[in-house]
file my_file.cif (mmCIF, C-alpha atoms)
data_target
#
loop_
_atom_site.group_PDB
_atom_site.id
_atom_site.type_symbol
_atom_site.label_atom_id
_atom_site.label_comp_id
_atom_site.auth_asym_id
_atom_site.auth_seq_id
_atom_site.Cartn_x
_atom_site.Cartn_y
_atom_site.Cartn_z
ATOM 1 C CA PHE A 29 -111.751 67.397 -1.815
ATOM 2 C CA ALA A 30 -111.516 64.246 -3.846
ATOM 3 C CA ALA A 31 -114.762 62.643 -4.797
ATOM 4 C CA PRO A 32 -115.490 59.201 -6.219
ATOM 5 C CA SER A 33 -113.779 58.692 -9.522
ATOM 6 C CA SER A 34 -116.127 56.122 -10.998
ATOM 7 C CA PRO A 35 -118.695 57.342 -13.522
ATOM 8 C CA GLY A 36 -122.399 56.838 -13.138
ATOM 9 C CA SER A 37 -124.216 57.204 -9.862
ATOM 10 C CA PRO A 38 -122.018 59.429 -7.668
ATOM 11 C CA ALA A 39 -122.704 57.650 -4.451
ATOM 12 C CA GLY A 40 -123.072 54.087 -5.632
ATOM 13 C CA GLY A 41 -126.783 54.094 -4.855
ATOM 14 C CA VAL A 42 -126.766 57.133 -2.566
ATOM 15 C CA PRO A 43 -128.650 60.084 -4.156
ATOM 16 C CA PRO A 44 -127.185 63.628 -4.253
ATOM 17 C CA ALA A 45 -129.589 64.797 -1.532
ATOM 18 C CA ALA A 46 -128.150 62.179 0.822
ATOM 19 C CA ASP A 47 -124.629 63.229 -0.168
ATOM 20 C CA LEU A 48 -125.511 66.757 0.967
ATOM 21 C CA VAL A 49 -126.183 65.485 4.490
ATOM 22 C CA LEU A 50 -123.319 62.996 4.526
ATOM 23 C CA GLY A 51 -120.809 65.476 3.111
ATOM 24 C CA ALA A 52 -121.814 68.010 5.756
ATOM 25 C CA ALA A 53 -121.430 65.454 8.543
ATOM 26 C CA ALA A 54 -118.052 64.288 7.238
ATOM 27 C CA GLY A 55 -116.731 67.850 7.005
ATOM 28 C CA CYS A 56 -117.836 68.576 10.572
ATOM 29 C CA MET A 57 -116.145 65.464 11.937
ATOM 30 C CA ALA A 58 -112.883 66.395 10.230
ATOM 31 C CA CYS A 59 -113.198 70.003 11.418
ATOM 32 C CA VAL A 60 -113.154 69.012 15.100
ATOM 33 C CA LEU A 61 -109.700 67.464 14.632
ATOM 34 C CA THR A 62 -108.161 70.105 12.344
ATOM 35 C CA ASN A 63 -109.589 73.321 13.858
ATOM 36 C CA PRO A 64 -106.425 74.007 15.949
ATOM 37 C CA LEU A 65 -104.453 74.395 12.711
ATOM 38 C CA GLU A 66 -107.136 76.812 11.464
ATOM 39 C CA VAL A 67 -106.575 78.985 14.554
ATOM 40 C CA VAL A 68 -102.796 78.947 14.037
ATOM 41 C CA LYS A 69 -103.170 79.655 10.316
ATOM 42 C CA THR A 70 -105.440 82.652 10.962
ATOM 43 C CA ARG A 71 -102.983 84.185 13.461
ATOM 44 C CA LEU A 72 -99.997 83.665 11.141
ATOM 45 C CA GLN A 73 -101.822 85.195 8.177
ATOM 46 C CA LEU A 74 -102.855 88.307 10.129
ATOM 47 C CA GLN A 75 -99.426 88.859 11.672
ATOM 48 C CA GLY A 76 -97.645 91.936 10.302
ATOM 49 C CA GLU A 77 -100.629 93.056 8.233
ATOM 50 C CA LEU A 78 -99.548 95.608 5.593
ATOM 51 C CA ARG A 79 -96.154 96.083 7.255
ATOM 52 C CA ALA A 80 -92.772 95.428 5.701
ATOM 53 C CA PRO A 81 -90.891 92.312 6.871
ATOM 54 C CA GLY A 82 -88.774 92.927 9.963
ATOM 55 C CA THR A 83 -90.701 96.005 11.112
ATOM 56 C CA TYR A 84 -93.174 94.318 13.465
ATOM 57 C CA PRO A 85 -93.112 91.946 16.460
ATOM 58 C CA ARG A 86 -93.753 88.279 15.711
ATOM 59 C CA PRO A 87 -95.496 86.537 18.598
ATOM 60 C CA TYR A 88 -96.202 83.605 16.278
ATOM 61 C CA ARG A 89 -93.164 81.956 14.664
ATOM 62 C CA GLY A 90 -93.847 78.785 12.728
ATOM 63 C CA VAL A 91 -96.592 76.271 13.307
ATOM 64 C CA LEU A 92 -95.332 74.481 16.431
ATOM 65 C CA ARG A 93 -94.254 77.634 18.250
ATOM 66 C CA ALA A 94 -97.519 79.290 17.239
ATOM 67 C CA VAL A 95 -99.436 76.414 18.849
ATOM 68 C CA GLY A 96 -97.517 77.046 22.059
ATOM 69 C CA ALA A 97 -98.153 80.795 21.828
ATOM 70 C CA VAL A 98 -101.902 80.244 21.437
ATOM 71 C CA CYS A 99 -101.954 77.906 24.440
ATOM 72 C CA ARG A 100 -100.037 80.376 26.613
ATOM 73 C CA ALA A 101 -102.330 83.259 25.672
ATOM 74 C CA ASP A 102 -105.708 81.512 25.554
ATOM 75 C CA GLY A 103 -105.191 78.134 27.225
ATOM 76 C CA LEU A 104 -105.767 74.784 25.557
ATOM 77 C CA ARG A 105 -109.330 75.842 24.757
ATOM 78 C CA GLY A 106 -107.854 78.588 22.595
ATOM 79 C CA LEU A 107 -106.912 75.966 20.007
ATOM 80 C CA GLN A 108 -110.608 75.351 19.434
ATOM 81 C CA LYS A 109 -111.633 78.995 19.096
ATOM 82 C CA GLY A 110 -114.347 79.494 16.515
ATOM 83 C CA LEU A 111 -115.166 75.780 16.488
ATOM 84 C CA ALA A 112 -118.947 76.249 16.430
ATOM 85 C CA ALA A 113 -118.723 78.659 13.491
ATOM 86 C CA GLY A 114 -116.193 76.343 11.833
ATOM 87 C CA LEU A 115 -118.564 73.405 12.154
ATOM 88 C CA LEU A 116 -121.374 75.452 10.621
ATOM 89 C CA TYR A 117 -119.095 76.507 7.770
ATOM 90 C CA GLN A 118 -117.901 72.972 7.080
ATOM 91 C CA GLY A 119 -121.459 71.664 7.236
ATOM 92 C CA LEU A 120 -122.765 74.244 4.784
ATOM 93 C CA MET A 121 -119.770 74.328 2.470
ATOM 94 C CA ASN A 122 -119.053 70.604 2.285
ATOM 95 C CA GLY A 123 -122.709 69.631 2.147
ATOM 96 C CA VAL A 124 -123.362 71.939 -0.807
ATOM 97 C CA ARG A 125 -120.036 71.026 -2.416
ATOM 98 C CA PHE A 126 -120.590 67.264 -2.307
ATOM 99 C CA TYR A 127 -124.191 67.733 -3.456
ATOM 100 C CA CYS A 128 -123.143 69.834 -6.456
ATOM 101 C CA TYR A 129 -120.366 67.422 -7.350
ATOM 102 C CA SER A 130 -122.751 64.457 -7.135
ATOM 103 C CA CYS A 131 -125.151 66.278 -9.453
ATOM 104 C CA ALA A 132 -122.288 66.927 -11.864
ATOM 105 C CA LEU A 133 -121.432 63.227 -11.837
ATOM 106 C CA ASP A 134 -125.059 62.333 -12.556
ATOM 107 C CA ALA A 135 -125.090 64.839 -15.427
ATOM 108 C CA GLY A 136 -121.966 63.272 -16.942
ATOM 109 C CA TRP A 137 -119.729 66.337 -16.584
ATOM 110 C CA THR A 138 -116.803 64.279 -15.321
ATOM 111 C CA GLY A 139 -116.763 62.246 -18.518
ATOM 112 C CA TRP A 140 -115.444 65.257 -20.420
ATOM 113 C CA THR A 141 -111.775 66.152 -20.658
ATOM 114 C CA GLY A 142 -111.040 68.312 -17.624
ATOM 115 C CA GLY A 143 -114.626 67.883 -16.478
ATOM 116 C CA THR A 144 -113.651 66.579 -13.049
ATOM 117 C CA VAL A 145 -111.563 69.677 -12.313
ATOM 118 C CA VAL A 146 -114.263 72.047 -13.608
ATOM 119 C CA ALA A 147 -116.987 70.282 -11.645
ATOM 120 C CA GLY A 148 -114.869 70.403 -8.489
ATOM 121 C CA ALA A 149 -114.091 74.088 -8.921
ATOM 122 C CA VAL A 150 -117.734 75.019 -9.544
ATOM 123 C CA ALA A 151 -118.951 72.890 -6.641
ATOM 124 C CA GLY A 152 -116.316 74.461 -4.378
ATOM 125 C CA ALA A 153 -117.242 77.988 -5.419
ATOM 126 C CA VAL A 154 -120.955 77.420 -4.727
ATOM 127 C CA GLY A 155 -120.166 75.845 -1.351
ATOM 128 C CA ALA A 156 -117.872 78.719 -0.374
ATOM 129 C CA PHE A 157 -120.549 81.280 -1.229
ATOM 130 C CA VAL A 158 -123.190 79.523 0.853
ATOM 131 C CA GLY A 159 -120.872 79.077 3.838
ATOM 132 C CA SER A 160 -119.299 82.560 3.708
ATOM 133 C CA PRO A 161 -121.177 84.112 6.691
ATOM 134 C CA ALA A 162 -120.020 81.287 8.976
ATOM 135 C CA TYR A 163 -116.409 81.700 7.782
ATOM 136 C CA LEU A 164 -116.621 85.434 8.535
ATOM 137 C CA VAL A 165 -117.647 84.777 12.147
ATOM 138 C CA LYS A 166 -115.041 82.011 12.498
ATOM 139 C CA THR A 167 -112.239 84.316 11.374
ATOM 140 C CA HIS A 168 -113.258 87.059 13.824
ATOM 141 C CA LEU A 169 -113.365 84.626 16.740
ATOM 142 C CA GLN A 170 -110.069 82.915 15.909
ATOM 143 C CA ALA A 171 -108.256 86.257 15.654
ATOM 144 C CA GLN A 172 -109.373 87.434 19.104
ATOM 145 C CA THR A 173 -106.808 87.078 21.885
ATOM 146 C CA LEU A 174 -104.952 89.009 24.592
ATOM 147 C CA SER A 175 -103.729 92.446 23.501
ATOM 148 C CA ALA A 176 -100.081 91.408 24.020
ATOM 149 C CA MET A 177 -100.518 88.574 21.479
ATOM 150 C CA ALA A 178 -103.041 90.239 19.177
ATOM 151 C CA VAL A 179 -102.479 90.315 15.417
ATOM 152 C CA GLY A 180 -104.760 91.906 12.864
ATOM 153 C CA HIS A 181 -107.870 93.869 13.772
ATOM 154 C CA GLN A 182 -109.511 92.828 17.050
ATOM 155 C CA HIS A 183 -113.281 93.063 16.854
ATOM 156 C CA ASN A 184 -113.444 92.603 20.641
ATOM 157 C CA HIS A 185 -117.084 91.621 20.910
ATOM 158 C CA GLU A 186 -119.165 88.500 20.985
ATOM 159 C CA VAL A 187 -119.304 87.864 17.280
ATOM 160 C CA SER A 188 -122.403 86.284 15.789
ATOM 161 C CA GLY A 189 -124.192 86.403 12.473
ATOM 162 C CA ALA A 190 -127.060 88.249 14.165
ATOM 163 C CA ASP A 191 -124.699 91.005 15.380
ATOM 164 C CA ILE A 192 -123.246 91.487 11.902
ATOM 165 C CA TYR A 193 -126.701 91.413 10.300
ATOM 166 C CA ARG A 194 -128.009 94.105 12.676
ATOM 167 C CA GLN A 195 -125.022 96.352 11.976
ATOM 168 C CA HIS A 196 -124.503 95.856 8.257
ATOM 169 C CA GLY A 197 -127.470 93.967 6.847
ATOM 170 C CA VAL A 198 -127.412 90.944 4.567
ATOM 171 C CA ALA A 199 -124.481 92.301 2.553
ATOM 172 C CA GLY A 200 -122.384 92.412 5.731
ATOM 173 C CA LEU A 201 -122.768 88.652 6.172
ATOM 174 C CA TRP A 202 -121.116 88.070 2.803
ATOM 175 C CA ARG A 203 -118.271 90.545 3.336
ATOM 176 C CA GLY A 204 -115.080 88.891 2.122
ATOM 177 C CA VAL A 205 -116.822 86.403 -0.148
ATOM 178 C CA SER A 206 -114.837 87.769 -3.116
ATOM 179 C CA GLY A 207 -111.778 86.110 -1.587
ATOM 180 C CA ALA A 208 -113.499 82.953 -0.346
ATOM 181 C CA VAL A 209 -114.974 81.841 -3.675
ATOM 182 C CA PRO A 210 -111.685 81.793 -5.643
ATOM 183 C CA ARG A 211 -109.917 80.294 -2.599
ATOM 184 C CA VAL A 212 -112.115 77.199 -2.478
ATOM 185 C CA ALA A 213 -112.511 76.972 -6.269
ATOM 186 C CA VAL A 214 -108.746 76.996 -6.811
ATOM 187 C CA GLY A 215 -108.151 74.608 -3.913
ATOM 188 C CA SER A 216 -110.787 72.143 -5.119
ATOM 189 C CA ALA A 217 -109.540 72.241 -8.700
ATOM 190 C CA ALA A 218 -105.900 71.775 -7.678
ATOM 191 C CA GLN A 219 -106.772 68.937 -5.337
ATOM 192 C CA LEU A 220 -108.872 67.080 -7.890
ATOM 193 C CA ALA A 221 -106.166 67.583 -10.516
ATOM 194 C CA THR A 222 -103.385 66.147 -8.333
ATOM 195 C CA PHE A 223 -104.871 63.859 -5.673
ATOM 196 C CA ALA A 224 -105.534 60.742 -7.764
ATOM 197 C CA SER A 225 -102.177 60.896 -9.573
ATOM 198 C CA ALA A 226 -100.329 61.527 -6.294
ATOM 199 C CA LYS A 227 -102.035 58.528 -4.654
ATOM 200 C CA ASP A 228 -101.185 56.322 -7.668
ATOM 201 C CA TRP A 229 -97.573 57.504 -7.519
ATOM 202 C CA VAL A 230 -97.346 56.527 -3.840
ATOM 203 C CA CYS A 231 -98.785 53.078 -4.590
ATOM 204 C CA GLN A 232 -96.453 52.539 -7.565
ATOM 205 C CA HIS A 233 -93.498 53.064 -5.250
ATOM 206 C CA GLN A 234 -95.043 50.377 -3.000
ATOM 207 C CA TRP A 235 -94.869 52.559 0.098
ATOM 208 C CA PHE A 236 -98.381 51.525 1.088
ATOM 209 C CA GLY A 237 -100.937 48.989 -0.090
ATOM 210 C CA GLU A 238 -103.226 50.124 -2.876
ATOM 211 C CA GLY A 239 -106.617 51.181 -1.557
ATOM 212 C CA SER A 240 -105.391 51.568 2.033
ATOM 213 C CA TRP A 241 -106.135 54.728 4.005
ATOM 214 C CA ALA A 242 -102.374 55.107 4.560
ATOM 215 C CA ALA A 243 -101.990 55.411 0.785
ATOM 216 C CA VAL A 244 -104.830 57.937 0.694
ATOM 217 C CA LEU A 245 -103.189 59.977 3.469
ATOM 218 C CA ALA A 246 -99.800 59.858 1.748
ATOM 219 C CA GLY A 247 -101.422 60.861 -1.550
ATOM 220 C CA GLY A 248 -103.196 63.695 0.229
ATOM 221 C CA MET A 249 -99.945 64.978 1.715
ATOM 222 C CA VAL A 250 -98.141 64.799 -1.654
ATOM 223 C CA SER A 251 -101.069 66.466 -3.402
ATOM 224 C CA GLY A 252 -101.165 68.984 -0.558
ATOM 225 C CA VAL A 253 -97.906 70.527 -1.745
ATOM 226 C CA ALA A 254 -99.483 71.621 -5.030
ATOM 227 C CA VAL A 255 -102.713 72.667 -3.338
ATOM 228 C CA ALA A 256 -100.928 74.696 -0.634
ATOM 229 C CA VAL A 257 -98.770 76.530 -3.185
ATOM 230 C CA THR A 258 -101.735 77.455 -5.385
ATOM 231 C CA MET A 259 -104.305 78.117 -2.652
ATOM 232 C CA THR A 260 -102.379 79.919 0.122
ATOM 233 C CA PRO A 261 -102.311 83.380 -1.576
ATOM 234 C CA PHE A 262 -106.103 83.209 -1.937
ATOM 235 C CA ASP A 263 -106.364 81.977 1.655
ATOM 236 C CA VAL A 264 -104.356 84.947 2.967
ATOM 237 C CA VAL A 265 -106.445 87.421 0.962
ATOM 238 C CA SER A 266 -109.641 85.760 2.163
ATOM 239 C CA THR A 267 -108.588 85.976 5.837
ATOM 240 C CA ARG A 268 -107.625 89.649 5.490
ATOM 241 C CA LEU A 269 -110.896 90.592 3.777
ATOM 242 C CA TYR A 270 -112.960 88.815 6.415
ATOM 243 C CA ASN A 271 -111.112 90.283 9.388
ATOM 244 C CA GLN A 272 -110.561 93.894 8.297
ATOM 245 C CA PRO A 273 -112.315 96.703 10.198
ATOM 246 C CA VAL A 274 -115.235 98.317 8.401
ATOM 247 C CA GLU A 275 -116.967 101.675 8.233
ATOM 248 C CA ALA A 276 -120.529 102.150 9.444
ATOM 249 C CA ASP A 277 -121.794 101.387 5.927
ATOM 250 C CA GLY A 278 -119.820 98.129 5.811
ATOM 251 C CA THR A 279 -117.055 99.410 3.528
ATOM 252 C CA GLY A 280 -113.648 97.979 4.354
ATOM 253 C CA LYS A 281 -111.159 100.380 5.957
ATOM 254 C CA LEU A 282 -108.075 98.580 4.618
ATOM 255 C CA TYR A 283 -109.060 96.906 1.358
ATOM 256 C CA ARG A 284 -111.558 97.776 -1.368
ATOM 257 C CA GLY A 285 -111.836 94.196 -2.559
ATOM 258 C CA PHE A 286 -110.012 91.089 -3.703
ATOM 259 C CA LEU A 287 -107.653 92.670 -6.240
ATOM 260 C CA ASP A 288 -106.849 95.654 -4.015
ATOM 261 C CA CYS A 289 -106.030 93.323 -1.106
ATOM 262 C CA PHE A 290 -103.823 91.184 -3.346
ATOM 263 C CA ALA A 291 -101.972 94.247 -4.640
ATOM 264 C CA GLN A 292 -101.487 95.824 -1.210
ATOM 265 C CA ILE A 293 -100.089 92.659 0.354
ATOM 266 C CA SER A 294 -97.701 92.173 -2.563
ATOM 267 C CA SER A 295 -96.432 95.770 -2.502
ATOM 268 C CA LYS A 296 -96.155 96.261 1.284
ATOM 269 C CA GLU A 297 -95.285 92.790 2.557
ATOM 270 C CA GLY A 298 -93.624 91.352 -0.536
ATOM 271 C CA LEU A 299 -94.660 88.253 -2.443
ATOM 272 C CA LEU A 300 -93.840 86.086 0.584
ATOM 273 C CA GLY A 301 -96.591 87.952 2.436
ATOM 274 C CA LEU A 302 -99.039 86.034 0.269
ATOM 275 C CA TYR A 303 -97.643 82.794 1.676
ATOM 276 C CA LYS A 304 -97.971 83.534 5.379
ATOM 277 C CA GLY A 305 -99.234 80.478 7.222
ATOM 278 C CA ILE A 306 -98.423 78.081 4.370
ATOM 279 C CA GLY A 307 -97.034 75.551 6.843
ATOM 280 C CA ALA A 308 -100.330 75.383 8.712
ATOM 281 C CA VAL A 309 -102.252 75.294 5.419
ATOM 282 C CA TYR A 310 -100.195 72.318 4.243
ATOM 283 C CA LEU A 311 -100.301 70.389 7.519
ATOM 284 C CA ARG A 312 -104.082 70.801 7.657
ATOM 285 C CA LEU A 313 -104.768 69.825 4.039
ATOM 286 C CA GLY A 314 -103.727 66.173 4.040
ATOM 287 C CA PRO A 315 -105.393 65.121 7.307
ATOM 288 C CA HIS A 316 -108.535 67.178 6.634
ATOM 289 C CA THR A 317 -108.900 65.738 3.136
ATOM 290 C CA VAL A 318 -108.407 62.168 4.290
ATOM 291 C CA LEU A 319 -110.623 62.530 7.363
ATOM 292 C CA SER A 320 -113.402 64.098 5.285
ATOM 293 C CA LEU A 321 -113.170 61.307 2.716
ATOM 294 C CA PHE A 322 -112.942 58.605 5.359
ATOM 295 C CA PHE A 323 -115.977 59.823 7.303
ATOM 296 C CA TRP A 324 -117.896 60.462 4.069
ATOM 297 C CA ASP A 325 -117.141 56.992 2.729
ATOM 298 C CA GLU A 326 -118.039 55.276 6.012
ATOM 299 C CA LEU A 327 -121.306 57.217 6.326
ATOM 300 C CA ARG A 328 -122.210 56.351 2.738
ATOM 301 C CA ARG A 329 -121.590 52.665 3.451
ATOM 302 C CA MET A 330 -124.055 52.893 6.339
ATOM 303 C CA VAL A 331 -126.872 54.370 4.243
ATOM 304 C CA ARG A 332 -126.218 52.636 0.909
ATOM 305 C CA PRO A 333 -128.993 50.149 0.099
ATOM 306 C CA GLN A 334 -127.828 46.591 0.678
ATOM 307 C CA PRO A 335 -128.411 44.021 -2.079
ATOM 308 C CA PRO A 336 -130.857 41.239 -1.234
ATOM 309 C CA PRO A 337 -129.236 37.992 -0.092
ATOM 310 C CA GLY A 338 -128.653 35.426 -2.762
ATOM 311 C CA PRO A 339 -130.508 32.127 -2.965
#

call {"tool": "encode", "arguments": {"input": "my_file.cif", "output": "structure tokens"}}
result
Amino acid sequence: FAAPSSPGSPAGGVPPAADLVLGAAAGCMACVLTNPLEVVKTRLQLQGELRAPGTYPRPYRGVLRAVGAVCRADGLRGLQKGLAAGLLYQGLMNGVRFYCYSCALDAGWTGWTGGTVVAGAVAGAVGAFVGSPAYLVKTHLQAQTLSAMAVGHQHNHEVSGADIYRQHGVAGLWRGVSGAVPRVAVGSAAQLATFASAKDWVCQHQWFGEGSWAAVLAGGMVSGVAVAVTMTPFDVVSTRLYNQPVEADGTGKLYRGFLDCFAQISSKEGLLGLYKGIGAVYLRLGPHTVLSLFFWDELRRMVRPQPPPGP
């Protein structure tokens, strides 16, 4: 995400506690519109799990054809699978992330060299940890489909946090968090490091007016290239860790952890296996970033104290 660049009060009069609520609301609003790409991304990343290229059927081929495949298998409603869990995740993760970043702004971290990137990465990591149980449930639900179109492990039950807690305890709710924390930390850092410069570059070429949301969207899409390239391997690992089958004690049947998952994908699927679903990752990044910022900014305008009228 890209947060306000001006020093001082992070919300221009809006305290960090309010940013927690507003950031959560903004993330949820954006999630409703970008969740279909999350479903497609999850299916693409699970396709051909731990199998060499060319040795498995590919019911999902590219983003647009994958959208059609999801609709044929699950109907139009299939594009919004896992939406409730996704909304909970975005609310928790973005709320905590914006709150932490606002606190970092108040503390003056962003005034240091590289402080903005560090603050964004730390805020993202904390948000990902808090929202991890919701992301686990979301991944399970988005992977479920008809057997003829199934990819990855099918949990084949009504997934909820309560079910997972009863089976595997508190630790089971945070299964896969070792992939989620670096995923969001790397994504946040890369986005903060490239978004502002990408937006300025777009404006310098006079493609869009400075300060317009078109310029922000274009900057987000340009920045999204760098973010997608750096974040997608962590995204793939995170999806695999969340969706893998587990033993009765909660131990993963396929992967022992983050590094083992990374190594297995690289050795069995090749380095390109770490970039499965990159098209969906990229197409989601720009709109989701801009929508989150737009909703966040508009909500902050609504709650920001208004100055008294002049004489």

call {"tool": "resolve_selection", "arguments": {"input": "my_file.cif", "expression": "the PyMOL selection byres ((chain A and resi 80-91) around 12)", "output": "PyMOL selection string"}}
result
chain A and resi 64-79+92-101+173-180+292-301+304-312

call {"tool": "resolve_selection", "arguments": {"input": "my_file.cif", "expression": "the PyMOL selection byres ((chain A and resi 143) around 12)", "output": "number ranges by chain"}}
result
A: 33, 35, 129, 132-133, 135-142, 144-151, 217, 220-221

call {"tool": "closest_residue", "arguments": {"input": "my_file.cif", "among": "A:Gln232, A:Ser320, A:Ser251, A:Asn63", "to": "Leu115 of chain A", "atoms": "all atoms listed in the file"}}
result
A:Asn63

call {"tool": "atom_distance", "arguments": {"input": "my_file.cif", "atom1": "atom CA of Val265 of chain A", "atom2": "atom CA of Gln118 of chain A"}}
result
19.4 Å

call {"tool": "closest_residue", "arguments": {"input": "my_file.cif", "among": "A:Asp191, A:Thr222, A:Thr167, A:Pro161", "to": "Val205 of chain A", "atoms": "only C-alpha atoms"}}
result
A:Pro161

call {"tool": "atom_distance", "arguments": {"input": "my_file.cif", "atom1": "atom CA of Gly204 of chain A", "atom2": "atom CA of Tyr270 of chain A"}}
result
4.8 Å

call {"tool": "closest_residue", "arguments": {"input": "my_file.cif", "among": "A:Ser240, A:Ser216, A:Asn122, A:Gln108", "to": "Trp324 of chain A", "atoms": "only C-alpha atoms"}}
result
A:Asn122

call {"tool": "axis_aligned_box", "arguments": {"input": "my_file.cif", "around": "segment 129-148 of chain A", "padding_each_side": "6 Å", "output": "JSON"}}
result
{"center_x": -118.1, "center_y": 67.1, "center_z": -13.9, "size_x": 26.1, "size_y": 21.8, "size_z": 25.5}

call {"tool": "residues_around", "arguments": {"input": "my_file.cif", "residues": "Ala153 of chain A", "least_positions_apart": "5", "cutoff": "9 Å", "atoms": "only C-alpha atoms", "output": "list in words"}}
result
Arg125, Gly148, Val158, Ala208, Val209, Pro210, Arg211, Val212, Ala213, Val214 and Ser216 of chain A

call {"tool": "closest_residue", "arguments": {"input": "my_file.cif", "among": "A:Leu313, A:Ala254, A:Ala291, A:Leu269", "to": "Cys59 of chain A", "atoms": "only C-alpha atoms"}}
result
A:Leu313

call {"tool": "closest_residue", "arguments": {"input": "my_file.cif", "among": "A:Ala199, A:Ala190, A:Cys56, A:Ala218", "to": "Gly252 of chain A", "atoms": "only C-alpha atoms"}}
result
A:Ala218

call {"tool": "residues_around", "arguments": {"input": "my_file.cif", "residues": "segment 193-196 of chain A", "least_positions_apart": "4", "cutoff": "7 Å", "atoms": "only C-alpha atoms", "output": "list in words"}}
result
Gly189, Gly200, Leu201, Asp277 and Gly278 of chain A

call {"tool": "write_last_selection", "arguments": {"input": "my_file.cif", "atoms": "C-alpha atoms", "output": "short mmCIF file (atom, residue, chain, number, x, y, z; two decimals), in the coordinates of the input"}}
result
data_model
loop_
_atom_site.label_atom_id
_atom_site.label_comp_id
_atom_site.auth_asym_id
_atom_site.auth_seq_id
_atom_site.Cartn_x
_atom_site.Cartn_y
_atom_site.Cartn_z
CA GLY A 189 -124.19 86.40 12.47
CA GLY A 200 -122.38 92.41 5.73
CA LEU A 201 -122.77 88.65 6.17
CA ASP A 277 -121.79 101.39 5.93
CA GLY A 278 -119.82 98.13 5.81
#

call {"tool": "build_atoms", "arguments": {"input": "my_file.cif", "residues": "segment 108-120 of chain A", "atoms": "N, CA, C and O atoms", "output": "short mmCIF file (atom, residue, chain, number, x, y, z; two decimals), keeping the file's coordinate frame"}}
result
data_model
loop_
_atom_site.label_atom_id
_atom_site.label_comp_id
_atom_site.auth_asym_id
_atom_site.auth_seq_id
_atom_site.Cartn_x
_atom_site.Cartn_y
_atom_site.Cartn_z
N GLN A 108 -109.32 75.67 20.04
CA GLN A 108 -110.61 75.35 19.43
C GLN A 108 -111.48 76.60 19.32
O GLN A 108 -112.71 76.49 19.23
N LYS A 109 -110.86 77.76 19.30
CA LYS A 109 -111.63 79.00 19.10
C LYS A 109 -112.36 78.95 17.75
O LYS A 109 -111.81 78.50 16.75
N GLY A 110 -113.58 79.45 17.75
CA GLY A 110 -114.35 79.49 16.52
C GLY A 110 -114.84 78.15 16.04
O GLY A 110 -115.28 78.01 14.89
N LEU A 111 -114.80 77.13 16.93
CA LEU A 111 -115.17 75.78 16.49
C LEU A 111 -116.62 75.71 16.05
O LEU A 111 -116.93 75.09 15.01
N ALA A 112 -117.53 76.32 16.80
CA ALA A 112 -118.95 76.25 16.43
C ALA A 112 -119.19 76.86 15.05
O ALA A 112 -119.89 76.28 14.21
N ALA A 113 -118.58 78.03 14.80
CA ALA A 113 -118.72 78.66 13.49
C ALA A 113 -118.03 77.82 12.41
O ALA A 113 -118.52 77.72 11.28
N GLY A 114 -116.89 77.20 12.78
CA GLY A 114 -116.19 76.34 11.83
C GLY A 114 -117.01 75.12 11.45
O GLY A 114 -117.04 74.70 10.29
N LEU A 115 -117.70 74.55 12.44
CA LEU A 115 -118.56 73.40 12.15
C LEU A 115 -119.72 73.80 11.23
O LEU A 115 -120.07 73.06 10.31
N LEU A 116 -120.29 74.97 11.48
CA LEU A 116 -121.37 75.45 10.62
C LEU A 116 -120.86 75.67 9.20
O LEU A 116 -121.52 75.29 8.22
N TYR A 117 -119.68 76.27 9.10
CA TYR A 117 -119.10 76.51 7.77
C TYR A 117 -118.84 75.19 7.04
O TYR A 117 -119.22 75.03 5.87
N GLN A 118 -118.20 74.24 7.72
CA GLN A 118 -117.90 72.97 7.08
C GLN A 118 -119.17 72.24 6.69
O GLN A 118 -119.24 71.61 5.63
N GLY A 119 -120.19 72.31 7.56
CA GLY A 119 -121.46 71.66 7.24
C GLY A 119 -122.10 72.25 6.00
O GLY A 119 -122.52 71.53 5.08
N LEU A 120 -122.16 73.58 5.94
CA LEU A 120 -122.76 74.24 4.78
C LEU A 120 -121.92 74.05 3.53
O LEU A 120 -122.43 73.63 2.48
#
